[in-house]
>>> print(open('protein_26.pdb').read())   # PDB, C-alpha atoms, pLDDT in the B column
ATOM      1  CA  MET S  79     125.309  97.066  95.978  1.00 68.00           C
ATOM      2  CA  TYR S  80     127.207  93.795  95.813  1.00 76.00           C
ATOM      3  CA  GLN S  81     129.213  92.888  92.732  1.00 80.00           C
ATOM      4  CA  PRO S  82     127.990  89.821  90.782  1.00 82.00           C
ATOM      5  CA  SER S  83     131.094  87.896  91.821  1.00 85.00           C
ATOM      6  CA  THR S  84     130.280  88.545  95.494  1.00 85.00           C
ATOM      7  CA  LEU S  85     126.683  87.440  95.018  1.00 91.00           C
ATOM      8  CA  ASP S  86     127.980  84.258  93.379  1.00 94.00           C
ATOM      9  CA  ARG S  87     130.010  83.485  96.493  1.00 94.00           C
ATOM     10  CA  PHE S  88     126.729  83.270  98.393  1.00 96.00           C
ATOM     11  CA  PHE S  89     124.528  81.829  95.653  1.00 97.00           C
ATOM     12  CA  GLU S  90     126.697  78.831  94.793  1.00 97.00           C
ATOM     13  CA  PRO S  91     126.815  77.294  98.297  1.00 97.00           C
ATOM     14  CA  LEU S  92     123.145  78.217  98.688  1.00 97.00           C
ATOM     15  CA  LEU S  93     122.243  76.030  95.707  1.00 97.00           C
ATOM     16  CA  ALA S  94     124.471  73.288  97.059  1.00 98.00           C
ATOM     17  CA  GLY S  95     122.602  73.329 100.370  1.00 97.00           C
ATOM     18  CA  ASP S  96     125.832  74.220 102.202  1.00 98.00           C
ATOM     19  CA  ARG S  97     124.379  75.848 105.311  1.00 97.00           C
ATOM     20  CA  LYS S  98     127.704  76.325 107.073  1.00 97.00           C
ATOM     21  CA  THR S  99     129.397  78.145 104.190  1.00 97.00           C
ATOM     22  CA  CYS S 100     126.365  80.399 103.734  1.00 97.00           C
ATOM     23  CA  ARG S 101     126.379  81.355 107.418  1.00 96.00           C
ATOM     24  CA  GLN S 102     130.120  81.987 107.320  1.00 96.00           C
ATOM     25  CA  PHE S 103     129.665  84.275 104.337  1.00 95.00           C
ATOM     26  CA  ILE S 104     126.983  86.292 106.156  1.00 95.00           C
ATOM     27  CA  THR S 105     129.228  86.614 109.229  1.00 94.00           C
ATOM     28  CA  GLU S 106     132.065  87.800 107.002  1.00 92.00           C
ATOM     29  CA  GLN S 107     129.849  90.463 105.417  1.00 92.00           C
ATOM     30  CA  LEU S 108     128.625  91.709 108.797  1.00 90.00           C
ATOM     31  CA  GLU S 109     132.184  92.129 110.001  1.00 89.00           C
ATOM     32  CA  ARG S 110     132.897  94.568 107.195  1.00 82.00           C
ATOM     33  CA  ALA S 111     132.597  98.109 108.533  1.00 67.00           C
ATOM     34  CA  ASN S 112     130.507  99.480 105.656  1.00 79.00           C
ATOM     35  CA  ASN S 113     127.803  96.785 105.793  1.00 83.00           C
ATOM     36  CA  THR S 114     124.631  96.969 107.861  1.00 91.00           C
ATOM     37  CA  VAL S 115     121.982  94.317 108.409  1.00 94.00           C
ATOM     38  CA  THR S 116     119.602  96.362 106.261  1.00 94.00           C
ATOM     39  CA  ASP S 117     122.190  96.308 103.460  1.00 92.00           C
ATOM     40  CA  LEU S 118     122.241  92.513 103.610  1.00 95.00           C
ATOM     41  CA  TYR S 119     118.450  92.403 103.287  1.00 96.00           C
ATOM     42  CA  PHE S 120     118.286  94.821 100.360  1.00 95.00           C
ATOM     43  CA  ASP S 121     121.501  94.023  98.487  1.00 94.00           C
ATOM     44  CA  LEU S 122     122.127  90.331  99.203  1.00 95.00           C
ATOM     45  CA  LEU S 123     119.105  88.353 100.396  1.00 96.00           C
ATOM     46  CA  TRP S 124     116.548  90.090  98.172  1.00 96.00           C
ATOM     47  CA  PRO S 125     118.436  89.824  94.840  1.00 95.00           C
ATOM     48  CA  THR S 126     119.400  86.259  95.753  1.00 96.00           C
ATOM     49  CA  MET S 127     115.726  85.413  96.302  1.00 96.00           C
ATOM     50  CA  GLN S 128     114.820  86.923  92.924  1.00 95.00           C
ATOM     51  CA  ARG S 129     117.620  85.027  91.188  1.00 95.00           C
ATOM     52  CA  LEU S 130     116.530  81.789  92.833  1.00 96.00           C
ATOM     53  CA  ASP S 131     112.948  82.328  91.657  1.00 94.00           C
ATOM     54  CA  GLU S 132     114.117  83.019  88.111  1.00 95.00           C
ATOM     55  CA  CYS S 133     116.247  79.868  88.040  1.00 96.00           C
ATOM     56  CA  PHE S 134     113.341  77.772  89.277  1.00 95.00           C
ATOM     57  CA  ARG S 135     110.826  79.211  86.804  1.00 93.00           C
ATOM     58  CA  GLN S 136     113.272  78.517  83.971  1.00 96.00           C
ATOM     59  CA  ASN S 137     113.712  74.899  85.140  1.00 96.00           C
ATOM     60  CA  ARG S 138     117.418  75.446  85.779  1.00 97.00           C
ATOM     61  CA  ILE S 139     117.196  74.039  89.307  1.00 97.00           C
ATOM     62  CA  SER S 140     115.161  71.252  90.868  1.00 97.00           C
ATOM     63  CA  VAL S 141     112.417  71.492  93.465  1.00 96.00           C
ATOM     64  CA  ALA S 142     114.787  70.004  96.050  1.00 97.00           C
ATOM     65  CA  THR S 143     117.451  72.624  95.324  1.00 97.00           C
ATOM     66  CA  GLU S 144     114.914  75.456  95.490  1.00 96.00           C
ATOM     67  CA  HIS S 145     113.560  74.192  98.811  1.00 96.00           C
ATOM     68  CA  MET S 146     117.020  73.829 100.385  1.00 97.00           C
ATOM     69  CA  ALA S 147     118.130  77.276  99.227  1.00 97.00           C
ATOM     70  CA  THR S 148     114.934  78.949 100.387  1.00 97.00           C
ATOM     71  CA  ARG S 149     115.076  77.359 103.831  1.00 96.00           C
ATOM     72  CA  ILE S 150     118.698  78.409 104.302  1.00 97.00           C
ATOM     73  CA  SER S 151     117.746  81.959 103.324  1.00 97.00           C
ATOM     74  CA  ARG S 152     114.843  81.972 105.790  1.00 96.00           C
ATOM     75  CA  SER S 153     117.070  80.736 108.619  1.00 96.00           C
ATOM     76  CA  ILE S 154     119.546  83.537 107.845  1.00 97.00           C
ATOM     77  CA  ALA S 155     116.736  86.123 107.745  1.00 96.00           C
ATOM     78  CA  ASP S 156     115.534  84.827 111.135  1.00 95.00           C
ATOM     79  CA  GLN S 157     118.982  85.488 112.613  1.00 93.00           C
ATOM     80  CA  LEU S 158     119.492  88.866 110.943  1.00 95.00           C
ATOM     81  CA  GLN S 159     116.079  90.183 111.992  1.00 95.00           C
ATOM     82  CA  GLN S 160     117.186  90.359 115.611  1.00 92.00           C
ATOM     83  CA  SER S 161     119.972  92.778 114.642  1.00 94.00           C
ATOM     84  CA  LEU S 162     117.948  95.191 112.508  1.00 95.00           C
ATOM     85  CA  VAL S 163     118.032  98.740 113.873  1.00 93.00           C
ATOM     86  CA  GLN S 164     114.541  99.515 115.168  1.00 95.00           C
ATOM     87  CA  MET S 165     113.144 102.983 114.556  1.00 96.00           C
ATOM     88  CA  PRO S 166     110.535 104.535 116.894  1.00 97.00           C
ATOM     89  CA  ALA S 167     106.924 103.486 116.348  1.00 97.00           C
ATOM     90  CA  ASN S 168     105.269 105.575 113.632  1.00 97.00           C
ATOM     91  CA  GLY S 169     101.681 104.713 114.538  1.00 96.00           C
ATOM     92  CA  LYS S 170     101.023 102.889 111.259  1.00 98.00           C
ATOM     93  CA  THR S 171      99.939  99.281 110.802  1.00 98.00           C
ATOM     94  CA  ILE S 172     100.493  96.880 107.928  1.00 98.00           C
ATOM     95  CA  MET S 173      99.111  93.387 107.350  1.00 98.00           C
ATOM     96  CA  ILE S 174     101.109  91.107 105.046  1.00 98.00           C
ATOM     97  CA  THR S 175      99.932  87.971 103.299  1.00 97.00           C
ATOM     98  CA  CYS S 176     101.361  85.939 100.427  1.00 95.00           C
ATOM     99  CA  ALA S 177     101.096  82.834  98.262  1.00 90.00           C
ATOM    100  CA  ASP S 178     101.205  79.534 100.124  1.00 87.00           C
ATOM    101  CA  ASP S 179     104.763  78.451  99.240  1.00 87.00           C
ATOM    102  CA  GLU S 180     108.199  78.756 100.840  1.00 87.00           C
ATOM    103  CA  PRO S 181     109.747  81.271  98.379  1.00 89.00           C
ATOM    104  CA  GLU S 182     106.793  83.646  98.715  1.00 93.00           C
ATOM    105  CA  GLU S 183     106.827  83.264 102.497  1.00 94.00           C
ATOM    106  CA  LEU S 184     110.504  84.275 102.444  1.00 96.00           C
ATOM    107  CA  GLY S 185     109.822  87.501 100.552  1.00 96.00           C
ATOM    108  CA  ALA S 186     106.831  88.342 102.718  1.00 97.00           C
ATOM    109  CA  GLN S 187     108.823  87.600 105.871  1.00 96.00           C
ATOM    110  CA  MET S 188     111.615  89.953 104.793  1.00 97.00           C
ATOM    111  CA  CYS S 189     109.023  92.650 104.044  1.00 98.00           C
ATOM    112  CA  SER S 190     107.629  92.130 107.549  1.00 98.00           C
ATOM    113  CA  ASP S 191     111.066  92.423 109.146  1.00 98.00           C
ATOM    114  CA  LEU S 192     111.929  95.599 107.244  1.00 98.00           C
ATOM    115  CA  PHE S 193     108.592  97.334 107.832  1.00 98.00           C
ATOM    116  CA  GLU S 194     108.838  96.529 111.534  1.00 98.00           C
ATOM    117  CA  SER S 195     112.341  98.007 111.691  1.00 97.00           C
ATOM    118  CA  ARG S 196     110.905 101.227 110.245  1.00 97.00           C
ATOM    119  CA  GLY S 197     108.474 101.564 113.139  1.00 98.00           C
ATOM    120  CA  TRP S 198     105.418  99.901 111.624  1.00 98.00           C
ATOM    121  CA  ASN S 199     103.133  97.640 113.613  1.00 98.00           C
ATOM    122  CA  VAL S 200     103.271  94.456 111.498  1.00 98.00           C
ATOM    123  CA  TYR S 201     100.857  91.520 111.267  1.00 98.00           C
ATOM    124  CA  PHE S 202     102.410  88.765 109.136  1.00 98.00           C
ATOM    125  CA  LEU S 203      99.790  86.221 108.081  1.00 97.00           C
ATOM    126  CA  GLY S 204     101.860  84.269 105.581  1.00 94.00           C
ATOM    127  CA  GLY S 205     100.069  82.088 103.035  1.00 93.00           C
ATOM    128  CA  GLY S 206      97.078  79.790 103.090  1.00 92.00           C
ATOM    129  CA  VAL S 207      94.751  82.027 105.121  1.00 94.00           C
ATOM    130  CA  PRO S 208      91.091  81.852 104.001  1.00 94.00           C
ATOM    131  CA  MET S 209      89.622  85.002 102.472  1.00 92.00           C
ATOM    132  CA  ASP S 210      86.945  85.408 105.130  1.00 93.00           C
ATOM    133  CA  GLU S 211      89.540  85.247 107.907  1.00 96.00           C
ATOM    134  CA  ILE S 212      91.689  87.886 106.191  1.00 96.00           C
ATOM    135  CA  SER S 213      88.639  90.138 105.881  1.00 95.00           C
ATOM    136  CA  GLN S 214      87.721  89.565 109.522  1.00 95.00           C
ATOM    137  CA  LEU S 215      91.217  90.482 110.700  1.00 97.00           C
ATOM    138  CA  ILE S 216      91.188  93.612 108.559  1.00 97.00           C
ATOM    139  CA  GLY S 217      88.027  94.708 110.339  1.00 96.00           C
ATOM    140  CA  GLN S 218      89.543  93.997 113.746  1.00 96.00           C
ATOM    141  CA  ILE S 219      93.041  95.396 113.226  1.00 97.00           C
ATOM    142  CA  ARG S 220      92.179  98.114 110.678  1.00 97.00           C
ATOM    143  CA  PRO S 221      95.629  98.313 109.059  1.00 98.00           C
ATOM    144  CA  ASP S 222      96.728 101.254 106.959  1.00 98.00           C
ATOM    145  CA  ILE S 223      98.117  98.884 104.309  1.00 98.00           C
ATOM    146  CA  LEU S 224      97.361  95.336 103.193  1.00 98.00           C
ATOM    147  CA  LEU S 225     100.417  94.007 101.349  1.00 98.00           C
ATOM    148  CA  ILE S 226      99.845  90.950  99.144  1.00 98.00           C
ATOM    149  CA  PHE S 227     103.216  89.505  98.159  1.00 97.00           C
ATOM    150  CA  GLY S 228     104.412  86.929  95.660  1.00 93.00           C
ATOM    151  CA  THR S 229     101.188  85.941  93.897  1.00 92.00           C
ATOM    152  CA  LYS S 230     101.497  83.086  91.409  1.00 91.00           C
ATOM    153  CA  PRO S 231      99.767  83.279  87.993  1.00 93.00           C
ATOM    154  CA  SER S 232      97.174  80.755  89.162  1.00 92.00           C
ATOM    155  CA  GLY S 233      96.375  82.944  92.169  1.00 93.00           C
ATOM    156  CA  VAL S 234      95.496  86.173  90.353  1.00 95.00           C
ATOM    157  CA  SER S 235      91.776  85.421  90.265  1.00 95.00           C
ATOM    158  CA  GLN S 236      91.776  84.743  94.025  1.00 94.00           C
ATOM    159  CA  VAL S 237      93.534  88.069  94.633  1.00 96.00           C
ATOM    160  CA  ARG S 238      90.948  89.853  92.514  1.00 96.00           C
ATOM    161  CA  THR S 239      88.149  88.141  94.422  1.00 95.00           C
ATOM    162  CA  LEU S 240      89.744  89.024  97.765  1.00 95.00           C
ATOM    163  CA  ILE S 241      90.064  92.700  96.843  1.00 96.00           C
ATOM    164  CA  ASP S 242      86.484  92.826  95.555  1.00 95.00           C
ATOM    165  CA  HIS S 243      85.290  91.217  98.781  1.00 94.00           C
ATOM    166  CA  ILE S 244      87.256  93.607 101.005  1.00 94.00           C
ATOM    167  CA  ARG S 245      85.894  96.609  99.138  1.00 93.00           C
ATOM    168  CA  SER S 246      82.320  95.323  99.093  1.00 92.00           C
ATOM    169  CA  ILE S 247      82.045  94.837 102.858  1.00 91.00           C
ATOM    170  CA  SER S 248      83.820  98.166 103.620  1.00 89.00           C
ATOM    171  CA  SER S 249      85.240  96.943 106.931  1.00 86.00           C
ATOM    172  CA  ASN S 250      88.225  99.290 106.541  1.00 95.00           C
ATOM    173  CA  PRO S 251      87.453 101.608 103.603  1.00 94.00           C
ATOM    174  CA  THR S 252      90.513 103.884 103.998  1.00 96.00           C
ATOM    175  CA  MET S 253      92.999 100.979 103.833  1.00 97.00           C
ATOM    176  CA  ASN S 254      95.301 100.859 100.803  1.00 98.00           C
ATOM    177  CA  ILE S 255      96.042  97.513  99.156  1.00 98.00           C
ATOM    178  CA  MET S 256      99.573  97.087  97.822  1.00 98.00           C
ATOM    179  CA  MET S 257     100.827  94.377  95.461  1.00 98.00           C
ATOM    180  CA  SER S 258     104.443  93.227  95.259  1.00 97.00           C
ATOM    181  CA  GLY S 259     106.464  90.370  93.828  1.00 95.00           C
ATOM    182  CA  GLY S 260     105.444  87.266  91.932  1.00 94.00           C
ATOM    183  CA  VAL S 261     103.436  87.601  88.743  1.00 95.00           C
ATOM    184  CA  PHE S 262     102.816  91.297  89.455  1.00 96.00           C
ATOM    185  CA  ASN S 263     106.530  91.925  88.871  1.00 95.00           C
ATOM    186  CA  ARG S 264     106.345  90.257  85.464  1.00 94.00           C
ATOM    187  CA  ALA S 265     102.990  91.379  84.027  1.00 95.00           C
ATOM    188  CA  GLU S 266     102.876  95.140  83.499  1.00 95.00           C
ATOM    189  CA  ASP S 267      99.940  96.912  85.163  1.00 95.00           C
ATOM    190  CA  LEU S 268      98.388  93.653  86.349  1.00 97.00           C
ATOM    191  CA  TRP S 269      98.080  95.253  89.792  1.00 97.00           C
ATOM    192  CA  LYS S 270      95.705  97.773  88.254  1.00 96.00           C
ATOM    193  CA  GLU S 271      93.617  94.984  86.735  1.00 96.00           C
ATOM    194  CA  VAL S 272      92.909  93.554  90.189  1.00 96.00           C
ATOM    195  CA  GLN S 273      92.109  97.094  91.404  1.00 95.00           C
ATOM    196  CA  ALA S 274      94.897  97.383  93.954  1.00 97.00           C
ATOM    197  CA  ASP S 275      95.910 100.865  95.087  1.00 97.00           C
ATOM    198  CA  LEU S 276      99.691 100.584  95.116  1.00 98.00           C
ATOM    199  CA  TYR S 277     102.451  98.495  93.556  1.00 98.00           C
ATOM    200  CA  ALA S 278     106.131  98.138  94.430  1.00 97.00           C
ATOM    201  CA  PRO S 279     108.434  95.456  92.979  1.00 96.00           C
ATOM    202  CA  THR S 280     110.709  95.263  96.031  1.00 96.00           C
ATOM    203  CA  ALA S 281     110.609  95.890  99.772  1.00 95.00           C
ATOM    204  CA  GLN S 282     113.100  98.717  99.317  1.00 95.00           C
ATOM    205  CA  GLU S 283     110.549 100.535  97.152  1.00 97.00           C
ATOM    206  CA  ALA S 284     107.475  99.389  99.085  1.00 97.00           C
ATOM    207  CA  ILE S 285     108.488 100.974 102.395  1.00 97.00           C
ATOM    208  CA  PRO S 286     108.777 104.643 101.292  1.00 97.00           C
ATOM    209  CA  MET S 287     105.707 104.236  99.069  1.00 98.00           C
ATOM    210  CA  ALA S 288     103.659 102.939 101.999  1.00 98.00           C
ATOM    211  CA  GLU S 289     104.958 105.681 104.283  1.00 97.00           C
ATOM    212  CA  ALA S 290     103.967 108.368 101.782  1.00 97.00           C
ATOM    213  CA  ALA S 291     100.552 106.892 100.945  1.00 97.00           C
ATOM    214  CA  GLN S 292      97.507 108.882 101.969  1.00 96.00           C
ATOM    215  CA  PRO S 293      94.445 107.077 103.342  1.00 96.00           C
ATOM    216  CA  ARG S 294      92.301 105.693 100.563  1.00 95.00           C
ATOM    217  CA  LYS S 295      89.172 107.721  99.831  1.00 89.00           C
ATOM    218  CA  PRO S 296      86.129 105.571 100.617  1.00 78.00           C
ATOM    219  CA  GLU S 297      83.733 104.909  97.768  1.00 70.00           C
ATOM    220  CA  ILE S 298      80.452 106.808  98.092  1.00 61.00           C
ATOM    221  CA  ARG S 299      77.595 104.570  97.036  1.00 54.00           C
ATOM    222  CA  LEU S 300      74.059 105.916  96.876  1.00 48.00           C
ATOM    223  CA  PRO S 301      71.169 103.730  98.031  1.00 48.00           C
ATOM    224  CA  GLY S 302      69.739 101.676  95.187  1.00 50.00           C
ATOM    225  CA  VAL S 303      72.626 102.481  92.808  1.00 46.00           C
ATOM    226  CA  PRO S 304      74.699  99.393  91.953  1.00 49.00           C
ATOM    227  CA  LYS S 305      78.456  99.590  92.129  1.00 52.00           C
ATOM    228  CA  LYS S 306      79.966 100.653  88.833  1.00 50.00           C
ATOM    229  CA  ARG S 307      82.495  98.051  87.749  1.00 51.00           C
ATOM    230  CA  ARG S 308      85.445  98.973  85.599  1.00 48.00           C
ATOM    231  CA  ARG S 309      85.908  96.878  82.490  1.00 49.00           C
ATOM    232  CA  ARG S 310      89.009  94.780  82.890  1.00 48.00           C
ATOM    233  CA  ARG S 311      91.436  93.705  80.250  1.00 47.00           C
ATOM    234  CA  ARG S 312      92.141  90.008  80.576  1.00 46.00           C
ATOM    235  CA  PRO S 313      95.621  89.661  82.148  1.00 45.00           C
ATOM    236  CA  PRO S 314      98.230  87.639  80.235  1.00 43.00           C
ATOM    237  CA  LEU S 315      97.987  84.594  82.493  1.00 41.00           C
ATOM    238  CA  ALA S 316      98.525  81.973  79.822  1.00 37.00           C
ATOM    239  CA  MET S 317     102.023  83.209  79.030  1.00 34.00           C
ATOM    240  CA  GLU S 318     102.874  83.596  82.707  1.00 41.00           C
ATOM    241  CA  THR S 319     101.631  80.124  83.548  1.00 37.00           C
ATOM    242  CA  ALA S 320     103.904  78.662  80.931  1.00 38.00           C
ATOM    243  CA  THR S 321     106.934  80.277  82.553  1.00 39.00           C
ATOM    244  CA  ALA S 322     105.894  79.816  86.187  1.00 37.00           C
TER     245      ALA S 322
END
>>> encode(input="protein_26.pdb", output="structure tokens")
Amino acid sequence: MYQPSTLDRFFEPLLAGDRKTCRQFITEQLERANNTVTDLYFDLLWPTMQRLDECFRQNRISVATEHMATRISRSIADQLQQSLVQMPANGKTIMITCADDEPEELGAQMCSDLFESRGWNVYFLGGGVPMDEISQLIGQIRPDILLIFGTKPSGVSQVRTLIDHIRSISSNPTMNIMMSGGVFNRAEDLWKEVQADLYAPTAQEAIPMAEAAQPRKPEIRLPGVPKKRRRRRRPPLAMETATA
């Protein structure tokens, strides 16, 4: 793990939009013998992304600053991805989607890079994909995991609707749905409220959880018997929206 002072050496030029200094810092870290590209993803880029999100939600930085910093981080992730050590294919497939904004795309992109390096077959949709198209792709690709990353408070109802729709059409009944990032990292057990199967706050935790997950047991529904719906506690969206 990087010391806070080391993280500051990257975070400060990142907020300033200083692309050159940020790239020089990454090069410096890669030249150190005890650092790997995976270390930079887990211990530098990921905590920096979380810190950036926190600063933005607390109105400590402007939209322009957040956009510049996020785009620099994505350009660095693009370069680092080519140097990730690739493990042999494990025969598993994951589809990754996210909220339709740059910060969420960054987190989802890093998840895609890291899962792929672990031998997963990865389909990265990004944000803004209509629900029916996601469902159609699930039926075609039949992934083992659908990872929904970085949901905003305003998007929780859409996530719940998407999961209900996926389950109702049963196009891939053994697929697990995993939540990560965004409001699900801040509202305890909200992932259960939307009836997801798995939750991991970071990519570092998501990968081993996904690898250990057993296929989901399909729901057995008898003819003429309506689906039993679990009563849901209303998630604390009002408080989250105020801090988003």
>>> residues_around(input="protein_26.pdb", residues="Leu224 (chain S)", least_positions_apart="4", cutoff="6 Å", atoms="all atoms listed in the file", output="PyMOL selection string")
chain S and resi 172-174+255
>>> resolve_selection(input="protein_26.pdb", expression="the PyMOL selection byres ((chain S and resi 254) around 7)", output="NGL selection string")
:S and (222-224 or 252-253 or 255-256 or 275 or 293-294)
>>> write_last_selection(input="protein_26.pdb", atoms="C-alpha atoms", output="compact mmCIF listing (two decimals), in the coordinates of the input")
# COMPACT_ATOMS: atom_id res chain seq x y z
CA ASP S 222 96.73 101.25 106.96
CA ILE S 223 98.12 98.88 104.31
CA LEU S 224 97.36 95.34 103.19
CA THR S 252 90.51 103.88 104.00
CA MET S 253 93.00 100.98 103.83
CA ILE S 255 96.04 97.51 99.16
CA MET S 256 99.57 97.09 97.82
CA ASP S 275 95.91 100.86 95.09
CA PRO S 293 94.44 107.08 103.34
CA ARG S 294 92.30 105.69 100.56
>>> resolve_selection(input="protein_26.pdb", expression="the PyMOL selection byres ((chain S and resi 119) around 10)", output="PyMOL selection string")
chain S and resi 114-118+120-126+155+158-159+162+188-189+191-192+281-282
>>> resolve_selection(input="protein_26.pdb", expression="the PyMOL selection byres ((chain S and resi 207-215) around 12)", output="number ranges by chain")
S: 172-178, 201-206, 216-221, 224-226, 236-251, 253
>>> closest_residue(input="protein_26.pdb", among="S:Leu93, S:Ala186, S:Lys170, S:Leu108", to="Ala291 (chain S)", atoms="all atoms listed in the file")
S:Lys170
>>> atom_distance(input="protein_26.pdb", atom1="CA of Gln157 (chain S)", atom2="CA of Met257 (chain S)")
26.5 Å
>>> residues_around(input="protein_26.pdb", residues="Leu92 (chain S)", least_positions_apart="2", cutoff="9 Å", atoms="all atoms listed in the file", output="ChimeraX atom specification")
/S:87-90,94-97,99-100,143,146-148,150-151
>>> closest_residue(input="protein_26.pdb", among="S:Val261, S:Leu184, S:Leu276, S:Val163", to="Arg196 (chain S)", atoms="all atoms listed in the file")
S:Val163
>>> atom_distance(input="protein_26.pdb", atom1="CA of Glu271 (chain S)", atom2="CA of Gly228 (chain S)")
16.2 Å
>>> atom_distance(input="protein_26.pdb", atom1="CA of Asp156 (chain S)", atom2="CA of Arg135 (chain S)")
25.4 Å
>>> residues_around(input="protein_26.pdb", residues="Arg149 (chain S)", least_positions_apart="5", cutoff="9 Å", atoms="all atoms listed in the file", output="NGL selection string")
:S and (144 or 154 or 180-181 or 184)
>>> closest_residue(input="protein_26.pdb", among="S:Phe227, S:Pro82, S:Glu182, S:Lys295", to="Phe262 (chain S)", atoms="all atoms listed in the file")
S:Phe227
>>> closest_residue(input="protein_26.pdb", among="S:Ala274, S:Val200, S:Ala288, S:Ile104", to="Thr84 (chain S)", atoms="all atoms listed in the file")
S:Ile104
>>> residues_around(input="protein_26.pdb", residues="Trp198 (chain S)", least_positions_apart="3", cutoff="8 Å", atoms="all atoms listed in the file", output="list of chain:residue names")
S:Ala167, S:Asn168, S:Gly169, S:Lys170, S:Thr171, S:Ile172, S:Phe193, S:Glu194, S:Ser195
>>> closest_residue(input="protein_26.pdb", among="S:Asn199, S:Ser232, S:Gln128, S:Gln187", to="Met165 (chain S)", atoms="all atoms listed in the file")
S:Asn199
>>> build_atoms(input="protein_26.pdb", residues="region 207-219 of chain S", atoms="N, CA and C atoms", output="PDB file, keeping the file's coordinate frame")
ATOM      1  N   VAL S 207      95.807  81.534 104.227  1.00 94.00           N
ATOM      2  CA  VAL S 207      94.751  82.027 105.121  1.00 94.00           C
ATOM      3  C   VAL S 207      93.474  82.240 104.315  1.00 94.00           C
ATOM      4  N   PRO S 208      92.344  81.683 104.741  1.00 94.00           N
ATOM      5  CA  PRO S 208      91.091  81.852 104.001  1.00 94.00           C
ATOM      6  C   PRO S 208      90.696  83.322 103.872  1.00 94.00           C
ATOM      7  N   MET S 209      90.009  83.627 102.775  1.00 92.00           N
ATOM      8  CA  MET S 209      89.622  85.002 102.472  1.00 92.00           C
ATOM      9  C   MET S 209      88.772  85.618 103.572  1.00 92.00           C
ATOM     10  N   ASP S 210      87.822  84.836 104.119  1.00 93.00           N
ATOM     11  CA  ASP S 210      86.945  85.408 105.130  1.00 93.00           C
ATOM     12  C   ASP S 210      87.696  85.739 106.409  1.00 93.00           C
ATOM     13  N   GLU S 211      88.748  84.959 106.716  1.00 96.00           N
ATOM     14  CA  GLU S 211      89.540  85.247 107.907  1.00 96.00           C
ATOM     15  C   GLU S 211      90.408  86.483 107.708  1.00 96.00           C
ATOM     16  N   ILE S 212      90.935  86.665 106.490  1.00 96.00           N
ATOM     17  CA  ILE S 212      91.689  87.886 106.191  1.00 96.00           C
ATOM     18  C   ILE S 212      90.784  89.103 106.352  1.00 96.00           C
ATOM     19  N   SER S 213      89.592  89.022 105.794  1.00 95.00           N
ATOM     20  CA  SER S 213      88.639  90.138 105.881  1.00 95.00           C
ATOM     21  C   SER S 213      88.267  90.433 107.331  1.00 95.00           C
ATOM     22  N   GLN S 214      88.080  89.381 108.116  1.00 95.00           N
ATOM     23  CA  GLN S 214      87.721  89.565 109.522  1.00 95.00           C
ATOM     24  C   GLN S 214      88.842  90.259 110.283  1.00 95.00           C
ATOM     25  N   LEU S 215      90.078  89.850 110.027  1.00 97.00           N
ATOM     26  CA  LEU S 215      91.217  90.482 110.700  1.00 97.00           C
ATOM     27  C   LEU S 215      91.372  91.941 110.289  1.00 97.00           C
ATOM     28  N   ILE S 216      91.116  92.225 109.020  1.00 97.00           N
ATOM     29  CA  ILE S 216      91.188  93.612 108.559  1.00 97.00           C
ATOM     30  C   ILE S 216      90.205  94.479 109.339  1.00 97.00           C
ATOM     31  N   GLY S 217      89.013  93.962 109.569  1.00 96.00           N
ATOM     32  CA  GLY S 217      88.027  94.708 110.339  1.00 96.00           C
ATOM     33  C   GLY S 217      88.428  94.894 111.782  1.00 96.00           C
ATOM     34  N   GLN S 218      89.116  93.912 112.353  1.00 96.00           N
ATOM     35  CA  GLN S 218      89.543  93.997 113.746  1.00 96.00           C
ATOM     36  C   GLN S 218      90.765  94.888 113.924  1.00 96.00           C
ATOM     37  N   ILE S 219      91.756  94.702 113.072  1.00 97.00           N
ATOM     38  CA  ILE S 219      93.041  95.396 113.226  1.00 97.00           C
ATOM     39  C   ILE S 219      93.025  96.766 112.554  1.00 97.00           C
TER      40      ILE S 219
END
